[in-house]
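Comments concern the structure below.
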Amino acid sequence: MNPELQTSQAREAFYRRDRRSVGMARDFTRTALADWRVGRRADDVLLCVSEVTTNAVLHGVPPGRGFRLRLALHPDGVLRTEVHDSGPGELRYGDMSPESEQGRGLLLVALLADKWGVGEREPGKVVWCEFEVRE
């Protein structure tokens, strides 16, 4: 992490409801992490951003709408990611059977992030994750 970090740094971007937006959000996150010199846990952050933005595209963003990704690096070494969408606020773990090819995204988020949750917004929700990235 950048040893000179004194105040929070934040970046945000807006994406359309399009599967290509997941890769764009991941690239945006990778660039921010590199600019902020965050190496520790970068893979965990990128995987969680991929999972949460995929959920937004597939389940949280109504047709014709989009989602916002916000990244914030705080002076205490905590990186927070937020995905804001206008879909319903309920999140569920998917089918966890061995044969299922879906439904494990939130389980991965729960395992990799130090904290995560869902907050309300009008309309929709904010799915957030936090990671201790201080070395």
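Just remember, in the structure tokens the first chain shown is A, the second B, etc., residues are 1-based per chain, and ligands are 1-based in the order shown.
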
Give me the residues near Cys129 (chain A) as number ranges by chain, where near means some atom within 8 Å (using only C-alpha atoms) and where sequence neighbours in that chain fewer than 4 positions away do not count. A: 48, 80-82, 109, 113-117

Can you list, as a count of residues only, every protein, DNA or RNA residue that comes within 8 Å of Gly66 (chain A) when you count only C-alpha atoms, leaving out same-chain residues fewer than 5 positions away? 8

Which residue gives the smallest distance to Leu47 (chain A) among A:Arg30, A:Arg19, A:Arg68, A:His84, with only C-alpha atoms counted?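 With only C-alpha atoms as the atom set, the closest residue is A:Arg30.
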
Run DSSP on the backbone of this structure and report the residues of region 47-95 of chain A it assigns to strand (DSSP E), as a count of residues only. 16

Could you pull out the residues in region 10-61 of chain A that DSSP calls alpha helix (DSSP H) from the backbone, as a PyMOL selection string? chain A and resi 20-35+42-55

Residues at most 12 Å from Gly87 (chain A), counting only C-alpha atoms, excluding those fewer than 6 positions away in the same chain, as a list in words?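 Here the qualifying residues turn out to be Arg17, Asn55, Ala56, Val57, Leu58, His59, Gly60, Val61, Pro62, Pro63, Gly64, Arg65, Gly66, Phe67, Glu120, Arg121, Glu122, Pro123, Gly124, Lys125, Val126 and Val127 of chain A.
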
Keeping N, CA, C and O atoms, export the residues of the selection given above as a short mmCIF file (atom, residue, chain, number, x, y, z; two decimals), in the first residue's frame.
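Final output, part_18.cif:
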```cif
data_model
loop_
_atom_site.label_atom_id
_atom_site.label_comp_id
_atom_site.auth_asym_id
_atom_site.auth_seq_id
_atom_site.Cartn_x
_atom_site.Cartn_y
_atom_site.Cartn_z
N ARG A 17 -25.85 -2.28 -18.34
CA ARG A 17 -26.23 -3.68 -18.15
C ARG A 17 -25.78 -4.45 -19.38
O ARG A 17 -26.50 -4.57 -20.38
N ASN A 55 -23.24 -10.37 -10.64
CA ASN A 55 -24.58 -10.44 -10.04
C ASN A 55 -25.41 -9.21 -10.40
O ASN A 55 -26.61 -9.33 -10.65
N ALA A 56 -24.78 -8.04 -10.41
CA ALA A 56 -25.51 -6.82 -10.76
C ALA A 56 -26.03 -6.92 -12.20
O ALA A 56 -27.20 -6.61 -12.47
N VAL A 57 -25.17 -7.35 -13.11
CA VAL A 57 -25.57 -7.45 -14.52
C VAL A 57 -26.67 -8.49 -14.71
O VAL A 57 -27.66 -8.25 -15.41
N LEU A 58 -26.53 -9.65 -14.07
CA LEU A 58 -27.48 -10.74 -14.29
C LEU A 58 -28.78 -10.59 -13.50
O LEU A 58 -29.84 -11.03 -13.96
N HIS A 59 -28.70 -10.01 -12.30
CA HIS A 59 -29.86 -10.02 -11.40
C HIS A 59 -30.27 -8.66 -10.85
O HIS A 59 -31.41 -8.50 -10.43
N GLY A 60 -29.38 -7.69 -10.81
CA GLY A 60 -29.67 -6.46 -10.09
C GLY A 60 -29.98 -5.24 -10.92
O GLY A 60 -30.49 -4.26 -10.39
N VAL A 61 -29.69 -5.29 -12.20
CA VAL A 61 -29.88 -4.11 -13.03
C VAL A 61 -31.04 -4.35 -14.00
O VAL A 61 -30.96 -5.23 -14.86
N PRO A 62 -32.12 -3.59 -13.86
CA PRO A 62 -33.23 -3.75 -14.81
C PRO A 62 -32.80 -3.35 -16.23
O PRO A 62 -31.85 -2.57 -16.39
N PRO A 63 -33.50 -3.85 -17.24
CA PRO A 63 -33.18 -3.47 -18.62
C PRO A 63 -33.15 -1.95 -18.80
O PRO A 63 -33.96 -1.23 -18.23
N GLY A 64 -32.15 -1.51 -19.56
CA GLY A 64 -32.01 -0.09 -19.84
C GLY A 64 -31.32 0.70 -18.75
O GLY A 64 -31.16 1.91 -18.87
N ARG A 65 -30.88 0.03 -17.69
CA ARG A 65 -30.23 0.71 -16.58
C ARG A 65 -28.77 0.26 -16.50
O ARG A 65 -28.31 -0.52 -17.31
N GLY A 66 -28.09 0.73 -15.48
CA GLY A 66 -26.70 0.36 -15.28
C GLY A 66 -26.37 0.27 -13.81
O GLY A 66 -27.26 0.34 -12.96
N PHE A 67 -25.09 0.14 -13.51
CA PHE A 67 -24.64 0.08 -12.12
C PHE A 67 -23.39 0.94 -11.96
O PHE A 67 -22.69 1.23 -12.91
N GLU A 120 -29.19 -0.52 1.70
CA GLU A 120 -30.31 -0.02 0.91
C GLU A 120 -29.95 1.29 0.22
O GLU A 120 -29.13 2.06 0.73
N ARG A 121 -30.56 1.52 -0.90
CA ARG A 121 -30.54 2.80 -1.59
C ARG A 121 -31.85 2.90 -2.34
O ARG A 121 -32.55 1.91 -2.49
N GLU A 122 -32.19 4.07 -2.79
CA GLU A 122 -33.47 4.27 -3.46
C GLU A 122 -33.25 4.72 -4.88
O GLU A 122 -32.75 5.83 -5.08
N PRO A 123 -33.54 3.93 -5.87
CA PRO A 123 -34.01 2.56 -5.75
C PRO A 123 -32.83 1.59 -5.66
O PRO A 123 -31.72 1.94 -6.05
N GLY A 124 -33.07 0.41 -5.16
CA GLY A 124 -32.09 -0.66 -5.24
C GLY A 124 -31.28 -0.92 -4.00
O GLY A 124 -31.76 -0.80 -2.89
N LYS A 125 -30.01 -1.25 -4.24
CA LYS A 125 -29.13 -1.71 -3.15
C LYS A 125 -27.68 -1.37 -3.46
O LYS A 125 -27.33 -1.01 -4.58
N VAL A 126 -26.84 -1.51 -2.43
CA VAL A 126 -25.39 -1.39 -2.55
C VAL A 126 -24.80 -2.67 -1.96
O VAL A 126 -25.08 -3.01 -0.80
N VAL A 127 -24.05 -3.38 -2.75
CA VAL A 127 -23.33 -4.56 -2.25
C VAL A 127 -21.88 -4.12 -2.06
O VAL A 127 -21.25 -3.64 -2.99
#
```

Nearest candidate to Asp18 (chain A) (options A:Thr53, A:Leu112, A:Val45, A:Val38; using only C-alpha atoms):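 Ranking A:Thr53, A:Leu112, A:Val45, A:Val38 by distance to Asp18 (chain A), first place goes to A:Thr53.
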
CA of Val133 (chain A) to CA of Val78 (chain A): how many Å, to one decimal? 5.9 Å

Just give me the gap between CA of Gln9 (chain A) and CA of Leu108 (chain A) in Å, one decimal is fine. 26.0 Å

List the spatial neighbours of Arg70 (chain A) as a PyMOL selection string - criterion: any atom at most 8 Å away, only C-alpha atoms, same-chain residues fewer than 6 positions off excluded. chain A and resi 10-13+81-83

Would you mind exporting the chosen residues as an mmCIF file, in the first residue's frame, restricted to all heavy atoms?
```
data_model
loop_
_atom_site.group_PDB
_atom_site.id
_atom_site.type_symbol
_atom_site.label_atom_id
_atom_site.label_comp_id
_atom_site.auth_asym_id
_atom_site.auth_seq_id
_atom_site.Cartn_x
_atom_site.Cartn_y
_atom_site.Cartn_z
ATOM 1 N N ALA A 10 -10.576 7.751 -3.689
ATOM 2 C CA ALA A 10 -11.744 7.064 -4.228
ATOM 3 C C ALA A 10 -11.820 7.253 -5.739
ATOM 4 O O ALA A 10 -11.347 8.255 -6.276
ATOM 5 C CB ALA A 10 -13.016 7.588 -3.577
ATOM 6 N N ARG A 11 -12.409 6.272 -6.366
ATOM 7 C CA ARG A 11 -12.687 6.318 -7.800
ATOM 8 C C ARG A 11 -14.027 5.644 -8.026
ATOM 9 O O ARG A 11 -14.389 4.712 -7.313
ATOM 10 C CB ARG A 11 -11.623 5.569 -8.599
ATOM 11 C CG ARG A 11 -10.281 6.211 -8.531
ATOM 12 C CD ARG A 11 -9.332 5.545 -9.465
ATOM 13 N NE ARG A 11 -8.014 6.147 -9.299
ATOM 14 C CZ ARG A 11 -6.950 5.770 -9.957
ATOM 15 N NH1 ARG A 11 -7.029 4.795 -10.837
ATOM 16 N NH2 ARG A 11 -5.790 6.362 -9.754
ATOM 17 N N GLU A 12 -14.726 6.099 -9.040
ATOM 18 C CA GLU A 12 -15.966 5.418 -9.393
ATOM 19 C C GLU A 12 -16.214 5.480 -10.889
ATOM 20 O O GLU A 12 -15.684 6.357 -11.585
ATOM 21 C CB GLU A 12 -17.159 5.946 -8.613
ATOM 22 C CG GLU A 12 -17.406 7.405 -8.645
ATOM 23 C CD GLU A 12 -18.562 7.760 -7.724
ATOM 24 O OE1 GLU A 12 -18.435 7.619 -6.504
ATOM 25 O OE2 GLU A 12 -19.603 8.182 -8.273
ATOM 26 N N ALA A 13 -16.986 4.522 -11.350
ATOM 27 C CA ALA A 13 -17.315 4.429 -12.768
ATOM 28 C C ALA A 13 -18.720 3.860 -12.900
ATOM 29 O O ALA A 13 -19.198 3.129 -12.022
ATOM 30 C CB ALA A 13 -16.312 3.526 -13.492
ATOM 31 N N THR A 81 -15.027 -1.771 -1.682
ATOM 32 C CA THR A 81 -15.648 -1.774 -3.001
ATOM 33 C C THR A 81 -17.155 -1.707 -2.792
ATOM 34 O O THR A 81 -17.689 -2.304 -1.862
ATOM 35 C CB THR A 81 -15.290 -3.039 -3.804
ATOM 36 O OG1 THR A 81 -15.897 -4.177 -3.205
ATOM 37 C CG2 THR A 81 -13.787 -3.237 -3.889
ATOM 38 N N GLU A 82 -17.830 -0.984 -3.662
ATOM 39 C CA GLU A 82 -19.290 -0.886 -3.605
ATOM 40 C C GLU A 82 -19.845 -0.993 -5.020
ATOM 41 O O GLU A 82 -19.342 -0.338 -5.934
ATOM 42 C CB GLU A 82 -19.740 0.459 -3.037
ATOM 43 C CG GLU A 82 -19.323 0.716 -1.619
ATOM 44 C CD GLU A 82 -19.730 2.090 -1.123
ATOM 45 O OE1 GLU A 82 -20.228 2.921 -1.925
ATOM 46 O OE2 GLU A 82 -19.534 2.342 0.074
ATOM 47 N N VAL A 83 -20.874 -1.798 -5.170
ATOM 48 C CA VAL A 83 -21.596 -1.879 -6.432
ATOM 49 C C VAL A 83 -23.025 -1.423 -6.149
ATOM 50 O O VAL A 83 -23.730 -2.037 -5.348
ATOM 51 C CB VAL A 83 -21.568 -3.296 -7.030
ATOM 52 C CG1 VAL A 83 -22.459 -3.382 -8.258
ATOM 53 C CG2 VAL A 83 -20.138 -3.679 -7.391
#
```
